[in-house]
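Notes for the one structure printed next.
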Amino acid sequence: MKEKHASTTDYLLFYVNGKEVIERHADPEWTLLWYLRNKLRLTGSKLGCGEGGCGACTVLISQCIDKESGEIEHRTINGCLAPLCSIDGCHVITVEGLGSTNKSNLHPTQTRLAEFYASQCGFCTPGMVMSLYGTVTSKDASTLTMADIEESLDGNLCRCTGYRPILDAAKSFACDIEKFSKEKPSSTNTSTTFDKCSIFTQQSIDQVQFPEQLRDYLPQSIHIKGSSMDWYRPITLAELLYLRHTYPGDQSKLIFGNTRVQLERKFEQRIYPRLITVTHIKQLQEIKQTNDAIYFGAGVTFTRFKNKLMEWKDNSICQALLDQLKHFASTQIRNVASLGGHIIAALPNSDINPILQAAGALLELHRSDSTEVRIISLSEFFLGEYRVAIADNEVLVAIRIPLLNSSNQYFIQSYKQACRRDDSKGIVSAGFQVELESEKNQWKIIKICFAFGGVASKTIEAKHTQQALIGSLWTKETINQTNELLLKEIILNETSPGGRIEYKRTLIQSFLFKFYSYVCHQLKQFNADLNEFSYHRATSHGQQTIPERPSSQKIIGSSIPHRSAYLHTTGEAIYIGDMSFPMDILHAALVLSTKANVRIKHIDIEQASKVPGFVSFVSHVDVPGLNKPNGSLPDEEVFVSSIALCIGAIIGVVVCETEQSAEIASKLIQIDYESLSTPLILSIEDAIEYESYFDNEICLQQGDIEKSLMECEHQLEGELVIGGQEHFYMETNVCMVIPSKDDQEITLHLATQSPTAAQELTALVLGRDTSRIRCHTKRIGGALPICLAAAVAAVKVGRPVFLQLERHTDISITGHRHPFKIKYKVGFDREGQLQGLDIQMWNDGGCTLDASKAVMELAMLHMSNTYQFPNIRIRGRVCKTHLPSNTAFRGFGGPQAILACETIIEHMATYLQCDALTIRRRNLFREGDKTPYGQVLEQWNVPRILDELLQSSDFIQRQVNVEQFNRESIYRKRGISLIPVKFGIGFVVAFLNQAGALVHVYKDGSVVVHHGGTELGQSIHTKMIAIAAEVLRCEIHRIRISETSTDLIHNTSPTGGSVSSDINGMAVKDACEQLRQRLDTLITDENRDISWEALVSQAYYARVDLCARGFYVMPKMFDMDFTKNKATYNYFTQGAAVTEVELDVLTGDWHILRVDILMDVGVSLNPQIDIGQIEGGFMQGVGLYTMEELQWGDEKQHQWIPPGELYTRGPDTYKIPSFSDVPIDFRVSLLSDSLNPRAVYSSKGIGEPPLVLGTSVFFALKQACIAYRKQQGLHDYFTLHSPATVERLRMVCTDEFTRRACGAEHETFQPKGSY
């Protein structure tokens, strides 16, 4: 047995942004991100998810990896996963290290993201900057391609921008932008990706210098004792083996990148007394190739693994591995995660292990008490349930992949299908290998391997099937038999983790068919077009067309960058979690119910109270005012007083001295529950069965529906369900509450769209006047407030309290977009003229009402979209279930209703065997028509929009092209769809359509504007500043907006409904007009050219009031009244989109080939900002309608999830669109010559309407499915529920594979879902 290494240190030495840091009191619990933010106060890097899935925490790590050559390795990593102890000897570069607005030394990556309008809420922007910086500095700029750039951003998510402007900014660094030089702008008002990027000449990119002292750094063994665990860093294999022998099994845990272990510790509460990092063991870094094998050390990162495979890609095994690595994890994860660590993790849904297993990989295991190296095959290594065949003191040192030396034909391929391409584990992944011997002009199977991930508790081989095939001929008949054998051998049932049983059974066959076709092509048995089975995604690009700015306007109509854009890109923008805390701040963590529909019998805090730093437990008995505050949440309790209606109900809050203590203590609170006898209701179907509703049925009716349906020529009935959607804002719920002993004041710093609602509810809960509560909202990274519990806690303990929800908790408890069930009966004539529609809608309100009734009402108002239904009846019920209360979400019922409306149009088109566009145009509203709720349509531009879009998108010819493509392609199908939208702007409750503003002009000419809207990325502050500058006739830079505050602007309306720029803009305009009128009284013929600053100074000395309060009331608005069929919007934002997609019918994978959007925004206040809203809203709609799927446990749909529990509660399981989902060709145009007399400067609200245009993707995908079904001889209408996930798309593409998977019902099979 070897001795432990003699020289050991107990401190860390590293550099941050060029400055040396020696940390002698490091705790192994600390992540790098926590240290940067809390110890060094570098708050630019953000905590978005805590699991390495969003990229907000991205930083760059540099280290000298070869002292002789001086080679420096640069890697972007996730700061939220990296242990602080792991960066000893490294240089850490954060966004602050690149440049600062204060120093005017911004890096090109920072300026370009700002100037390309690539930042909205800004929370994700520092991570974007660092990923881009890591890309442009990691290789010679002269060789950096657009493809390199697109791939490098696979670990970053953005909820606001739709990604296109970020990609454009990034491509300005590419060497091959000339590829787009042939782009032809449609007009002189059109700018393209090439136009924007080509102005930047290729030049060297400045890099933060690597500290010279670190070039001479010599790694030493490290042992650091922490508060709850120890950290070891051995530097030799002998030392590592000694440590593992000394601390075998669960006494220690080996880590490399910490990408798995951190999640085990955080989410599974695994306790490891010792962590041993293996990053500095030379033998674990070896890579070599011999005549009979390729050899990778277990510590080789996936980035190095991929780079080496690229050098060896002529080898079929290496190419198969590369194919699987293309969309494996993210850049940040691949930069730190090791091949050996991934194997040891034994993930059942691993993407890499199946292809390694198919390749016959062998593992090399070492131990300290033996000189013998144990070799074990990968297939024998996995035992199931995350267990592996390794001794307690063994260490995985290397992976060997044999190279076949045979005269026979050998083929190996890998396959994967995930919910999303980028950074998403496979639903099923596979590695297939076959060795064939020629025999009488046929090919006989000598050896074969089918390895799968995602279908069992481990990576498996279909050994019985493999054995049965030995000696068989390689024919289609054999493959058909193989399908039967595989489905018989691989057993899946309702409790199988991940569900999707039929889809997985179908994918198994689809992958096998692709493999069979590939091998036949290589054998030249037939001319299979391999493009049928894979897709090479082209580089994305875009163009934007903006009308001329009205000559009467000097600033309004100009594309002014977001006023905080440079603060976003430098990390200097301060969010709630970045603020400097008061010295006596306490940290809070929620105590949540782990069961639904139960009574709380007893709460035991004894164990929690023993946690060091514990201060108090707060529950309903501590509420000084109303625990059920009424107001805007009439049936919700701050804390559960008796009945916990859902999992995640807030029972209490723990308050401690530190964040870590609060988290630990909150998990130690013991709750005794008593089950209730009432049924557990977990879906709309359950609610209908048990008649569990809020309030009575709502009805909106026009005309005689019974008569119209009785007399119509044709009648259709159908049903549609639409799943919910998680907000997935980048900044989770956060607030800081500061109580004052002076006059009972409470100060709230919180991220909220409605400061006044937070103020009023806090006052009710605390039993104080509203005037004593001050709410401050500077900017929002997307979150909504959970402040009432923190306020009660702060008052109880008499100290400031900070509360920020962890991502899993945030998603689980804060509510989502409402799922809907819709049943319809539509009548029409032979020409497709609508005559009557009878429709019933149910939404899932969750356990309390919240905004659910209003969401239903607005869904009913949007049901007709752009079409005239002469007779219509819309009925709605809000279902009460035992799930967290669903809430307001961008679109507020409109997206669900309009999808239903367009589904009805598509159903009619299929029935009449005509183009859906024909029916759409035939039934369009006309100018002066009335909506079902009696509003007369004015400035009706949809017919014109369709005419212009049909021409500019070349829709008719592209329809022909799609049909031609579908005739020639068997397994890839295209679809194209055109969808119009009409979206009402204005609150349908009259009192909300008001706003106030306050404008101060100071003696030096500087201006501060206050208004009631909150900045959440939509650039409302930028627009308000532009309005003020236009009216005051001063320079933009003289005006600023600090924050939204209830002590400056009282009784604010919520920032929502796409109306906030309208009402607040009018209020700002009113205040500024008052000021300008006062100033104009001082202008004479002698001083007509006086400067702004001099005029203001003169006004001050003339004792002119330089402060004005503006107020605006939207005219002609009234409360909706469904009993009288009356409601009104201020106006309608209108638009349309054409989307073309390509679908792999064998898997359900798809790409958006091109999108053309034409949007009527009136006279845009800020065209590029509005285009950003259009693109971002559209991509959020793409997520809603195609990939974002909430999965709740229940006994009918998802038996593999505990009842009432949400499975999809983080970026690992819930997938929003990413960079590779952006349209390859993304074109957005603003309608010219459109006026809107009912809004400020003739503009229109644009926040919500574009989201609905995501329906064009949904229906284009459905058209692709229709083409395949027709090819299979199926011409009847079929229902496609939303979201149209890869699973649903594949399963409606009925064929021989789905028949085997689903049996007799395969033609009508519907995958399970949470509705």
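How things are named: the first chain in the structure tokens is A, the next is B, and so on; residues count from 1 in each chain; ligands count from 1 in the order shown.
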*Identify, on the basis of only C-alpha atoms, every residue whose closest approach to Ile77 of chain A does not exceed 6 Å; exclude the query and any residue fewer than 5 positions from it along the same chain; express the result as a list in words.*
Thr58, Val59 and Gln332 of chain A
*Leaving out Lys184 of chain A and any residue of its chain fewer than 4 positions from it, which residues lie within 12 Å of it when counting only C-alpha atoms, given as an NGL selection string?*
:A and (180 or 188-195 or 542-543)
*Within 12 Å of Leu748 of chain A, counting only C-alpha atoms, which residues qualify if same-chain residues fewer than 4 places away don't, as a PyMOL selection string?*
chain A and resi 576+734-740+752+755-756+758-763+772-778+785-788+790-792+794+800-803+1044-1047
*Which residues, written as a PyMOL selection string, have at least one atom at most 10 Å from segment 244-248 of chain A, with only C-alpha atoms counted and residues fewer than 2 positions away on the same chain left out?*
chain A and resi 1+4+238-242+250-254+273-274+276+367-369+391-395
*Can you list, as number ranges by chain, every residue of segment 553-787 of chain A that DSSP puts in alpha helix (DSSP H)?*
A: 565-570, 606-609, 659-668, 684-690, 705-711, 755-766
*Do you have the atom CA of Ser472 of chain A-atom CA of Phe411 of chain A distance handy?*
16.1 Å
*Polymer residues at most 12 Å from Glu20 of chain A, only C-alpha atoms, same-chain spacing of 2 or more positions, as a PyMOL selection string*: chain A and resi 12-18+22-23+40+88-92+210-214
Serialized selection, all heavy atoms, as a short mmCIF file (atom, residue, chain, number, x, y, z; two decimals), in the first residue's frame:
```
data_model
loop_
_atom_site.label_atom_id
_atom_site.label_comp_id
_atom_site.auth_asym_id
_atom_site.auth_seq_id
_atom_site.Cartn_x
_atom_site.Cartn_y
_atom_site.Cartn_z
N LEU A 12 -6.37 27.84 -0.44
CA LEU A 12 -6.53 27.94 -1.89
C LEU A 12 -5.82 29.19 -2.40
O LEU A 12 -5.85 30.24 -1.74
CB LEU A 12 -8.01 28.03 -2.28
CG LEU A 12 -8.93 26.91 -1.78
CD1 LEU A 12 -10.39 27.22 -2.15
CD2 LEU A 12 -8.51 25.56 -2.36
N LEU A 13 -5.23 29.07 -3.57
CA LEU A 13 -4.61 30.21 -4.24
C LEU A 13 -5.18 30.28 -5.66
O LEU A 13 -5.09 29.31 -6.43
CB LEU A 13 -3.09 30.05 -4.32
CG LEU A 13 -2.35 31.00 -5.28
CD1 LEU A 13 -2.48 32.45 -4.79
CD2 LEU A 13 -0.90 30.61 -5.42
N PHE A 14 -5.79 31.39 -5.98
CA PHE A 14 -6.32 31.58 -7.32
C PHE A 14 -6.41 33.07 -7.61
O PHE A 14 -6.14 33.91 -6.74
CB PHE A 14 -7.69 30.90 -7.48
CG PHE A 14 -8.72 31.33 -6.46
CD1 PHE A 14 -9.61 32.35 -6.72
CD2 PHE A 14 -8.80 30.68 -5.22
CE1 PHE A 14 -10.57 32.74 -5.79
CE2 PHE A 14 -9.75 31.05 -4.28
CZ PHE A 14 -10.64 32.09 -4.56
N TYR A 15 -6.76 33.39 -8.82
CA TYR A 15 -6.92 34.78 -9.22
C TYR A 15 -8.33 35.00 -9.73
O TYR A 15 -8.93 34.10 -10.35
CB TYR A 15 -5.92 35.14 -10.33
CG TYR A 15 -4.53 35.44 -9.84
CD1 TYR A 15 -3.72 34.43 -9.32
CD2 TYR A 15 -4.01 36.73 -9.88
CE1 TYR A 15 -2.45 34.68 -8.87
CE2 TYR A 15 -2.72 37.00 -9.44
CZ TYR A 15 -1.94 35.98 -8.92
OH TYR A 15 -0.67 36.25 -8.48
N VAL A 16 -8.86 36.19 -9.47
CA VAL A 16 -10.16 36.58 -9.99
C VAL A 16 -10.01 37.92 -10.68
O VAL A 16 -9.60 38.91 -10.05
CB VAL A 16 -11.23 36.68 -8.88
CG1 VAL A 16 -12.55 37.16 -9.45
CG2 VAL A 16 -11.41 35.34 -8.19
N ASN A 17 -10.26 37.93 -11.97
CA ASN A 17 -10.14 39.16 -12.78
C ASN A 17 -8.79 39.84 -12.59
O ASN A 17 -8.69 41.05 -12.45
CB ASN A 17 -11.28 40.14 -12.44
CG ASN A 17 -12.63 39.57 -12.77
OD1 ASN A 17 -12.77 38.76 -13.68
ND2 ASN A 17 -13.65 39.96 -12.02
N GLY A 18 -7.75 39.01 -12.56
CA GLY A 18 -6.38 39.52 -12.48
C GLY A 18 -5.88 39.78 -11.08
O GLY A 18 -4.71 40.14 -10.91
N ILE A 22 -6.02 34.57 -1.85
CA ILE A 22 -5.59 33.46 -1.02
C ILE A 22 -6.68 33.25 0.03
O ILE A 22 -6.91 34.11 0.87
CB ILE A 22 -4.23 33.75 -0.34
CG1 ILE A 22 -3.14 33.93 -1.40
CG2 ILE A 22 -3.86 32.61 0.61
CD1 ILE A 22 -1.78 34.30 -0.83
N GLU A 23 -7.36 32.12 -0.08
CA GLU A 23 -8.49 31.84 0.80
C GLU A 23 -8.09 30.75 1.79
O GLU A 23 -7.91 29.60 1.42
CB GLU A 23 -9.71 31.41 -0.01
CG GLU A 23 -10.93 31.08 0.82
CD GLU A 23 -11.35 32.23 1.73
OE1 GLU A 23 -11.77 33.28 1.21
OE2 GLU A 23 -11.22 32.06 2.98
N LEU A 40 -16.81 38.03 -2.55
CA LEU A 40 -16.12 39.05 -3.34
C LEU A 40 -17.07 40.14 -3.83
O LEU A 40 -16.62 41.13 -4.38
CB LEU A 40 -15.41 38.40 -4.53
CG LEU A 40 -14.37 37.32 -4.20
CD1 LEU A 40 -13.67 36.87 -5.48
CD2 LEU A 40 -13.37 37.83 -3.18
N ASP A 88 -8.41 26.07 -7.32
CA ASP A 88 -7.04 26.36 -6.89
C ASP A 88 -6.11 26.34 -8.10
O ASP A 88 -6.14 25.42 -8.91
CB ASP A 88 -6.59 25.31 -5.87
CG ASP A 88 -5.18 25.57 -5.37
OD1 ASP A 88 -5.00 26.53 -4.60
OD2 ASP A 88 -4.27 24.82 -5.77
N GLY A 89 -5.30 27.37 -8.22
CA GLY A 89 -4.35 27.45 -9.33
C GLY A 89 -4.93 27.99 -10.62
O GLY A 89 -4.24 28.01 -11.65
N CYS A 90 -6.17 28.45 -10.58
CA CYS A 90 -6.85 28.92 -11.80
C CYS A 90 -7.04 30.44 -11.77
O CYS A 90 -6.97 31.08 -10.72
CB CYS A 90 -8.22 28.27 -11.93
SG CYS A 90 -8.18 26.48 -12.14
N HIS A 91 -7.29 30.96 -12.94
CA HIS A 91 -7.68 32.37 -13.07
C HIS A 91 -9.16 32.40 -13.44
O HIS A 91 -9.56 31.83 -14.46
CB HIS A 91 -6.85 33.05 -14.16
CG HIS A 91 -7.15 34.51 -14.31
ND1 HIS A 91 -6.97 35.20 -15.49
CD2 HIS A 91 -7.61 35.43 -13.42
CE1 HIS A 91 -7.30 36.47 -15.31
NE2 HIS A 91 -7.69 36.63 -14.06
N VAL A 92 -9.96 33.02 -12.61
CA VAL A 92 -11.39 33.12 -12.84
C VAL A 92 -11.69 34.49 -13.45
O VAL A 92 -11.27 35.52 -12.90
CB VAL A 92 -12.18 32.97 -11.52
CG1 VAL A 92 -13.68 33.05 -11.78
CG2 VAL A 92 -11.81 31.67 -10.83
N PHE A 210 -3.57 36.46 -18.60
CA PHE A 210 -3.38 35.39 -17.62
C PHE A 210 -2.27 35.80 -16.66
O PHE A 210 -1.18 36.22 -17.10
CB PHE A 210 -3.01 34.09 -18.33
CG PHE A 210 -2.94 32.90 -17.42
CD1 PHE A 210 -4.10 32.28 -16.98
CD2 PHE A 210 -1.72 32.39 -17.00
CE1 PHE A 210 -4.05 31.18 -16.15
CE2 PHE A 210 -1.65 31.29 -16.17
CZ PHE A 210 -2.83 30.69 -15.73
N PRO A 211 -2.49 35.71 -15.36
CA PRO A 211 -1.47 36.15 -14.39
C PRO A 211 -0.17 35.37 -14.56
O PRO A 211 -0.17 34.13 -14.59
CB PRO A 211 -2.12 35.85 -13.03
CG PRO A 211 -3.59 35.82 -13.31
CD PRO A 211 -3.73 35.25 -14.69
N GLU A 212 0.94 36.09 -14.67
CA GLU A 212 2.24 35.45 -14.85
C GLU A 212 2.58 34.53 -13.68
O GLU A 212 3.23 33.50 -13.86
CB GLU A 212 3.32 36.52 -15.02
CG GLU A 212 3.29 37.25 -16.34
CD GLU A 212 3.52 36.30 -17.51
OE1 GLU A 212 4.39 35.40 -17.40
OE2 GLU A 212 2.82 36.44 -18.53
N GLN A 213 2.13 34.92 -12.48
CA GLN A 213 2.47 34.11 -11.31
C GLN A 213 1.89 32.70 -11.42
O GLN A 213 2.48 31.75 -10.89
CB GLN A 213 1.94 34.79 -10.04
CG GLN A 213 2.55 36.16 -9.75
CD GLN A 213 1.80 37.29 -10.42
OE1 GLN A 213 1.19 37.11 -11.48
NE2 GLN A 213 1.84 38.47 -9.80
N LEU A 214 0.74 32.56 -12.10
CA LEU A 214 0.12 31.25 -12.21
C LEU A 214 0.81 30.35 -13.23
O LEU A 214 0.58 29.14 -13.25
CB LEU A 214 -1.36 31.39 -12.58
CG LEU A 214 -2.30 31.87 -11.46
CD1 LEU A 214 -3.73 31.94 -11.95
CD2 LEU A 214 -2.21 30.96 -10.24
#
```
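Each of A:Arg967, A:Leu1146, A:Thr1208, A:Lys823 was checked against Gln417 of chain A using only C-alpha atoms; the smallest atom-to-atom distance is that of A:Leu1146.
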_Please return, as a PyMOL selection string, all residues of segment 245-475 of chain A that DSSP assigns to strand (DSSP E or B) on the basis of the backbone._
chain A and resi 253-255+274-277+287-289+293-297+301+338+362-367+370-377+382-384+387-388+394-402+409-418+426-439+442-453+460-461+473
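Using only C-alpha atoms, the nearest neighbour of Gly975 of chain A within the list A:Gln1173, A:Gln959, A:Thr1279, A:Asn493 is A:Gln959.
Rounded to one decimal, atom CA of Arg215 of chain A and atom CA of Leu60 of chain A lie 17.0 Å from each other.
The shortest atom-to-atom distance to His1306 of chain A, with only C-alpha atoms taken into account, belongs to A:Cys1293 out of A:Leu365, A:Ile508, A:Leu700, A:Cys1293.
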For the contact check between segment 977-1070 of chain A and segment 904-926 of chain A, emit one row per residue of segment 977-1070 of chain A within 12 Å, containing the shortest atom pair and the distance in Å rounded to one decimal, counting only C-alpha atoms, chain then rising number order, as a tab-separated table.
```
residue	atom	partner	partner_atom	distance
A:Ser977	CA	A:Leu917	CA	8.4
A:Leu978	CA	A:Leu917	CA	7.1
A:Ile979	CA	A:Leu917	CA	8.4
A:Pro980	CA	A:Arg920	CA	8.6
A:Val981	CA	A:Leu924	CA	10.8
A:Lys982	CA	A:Phe925	CA	10.2
```
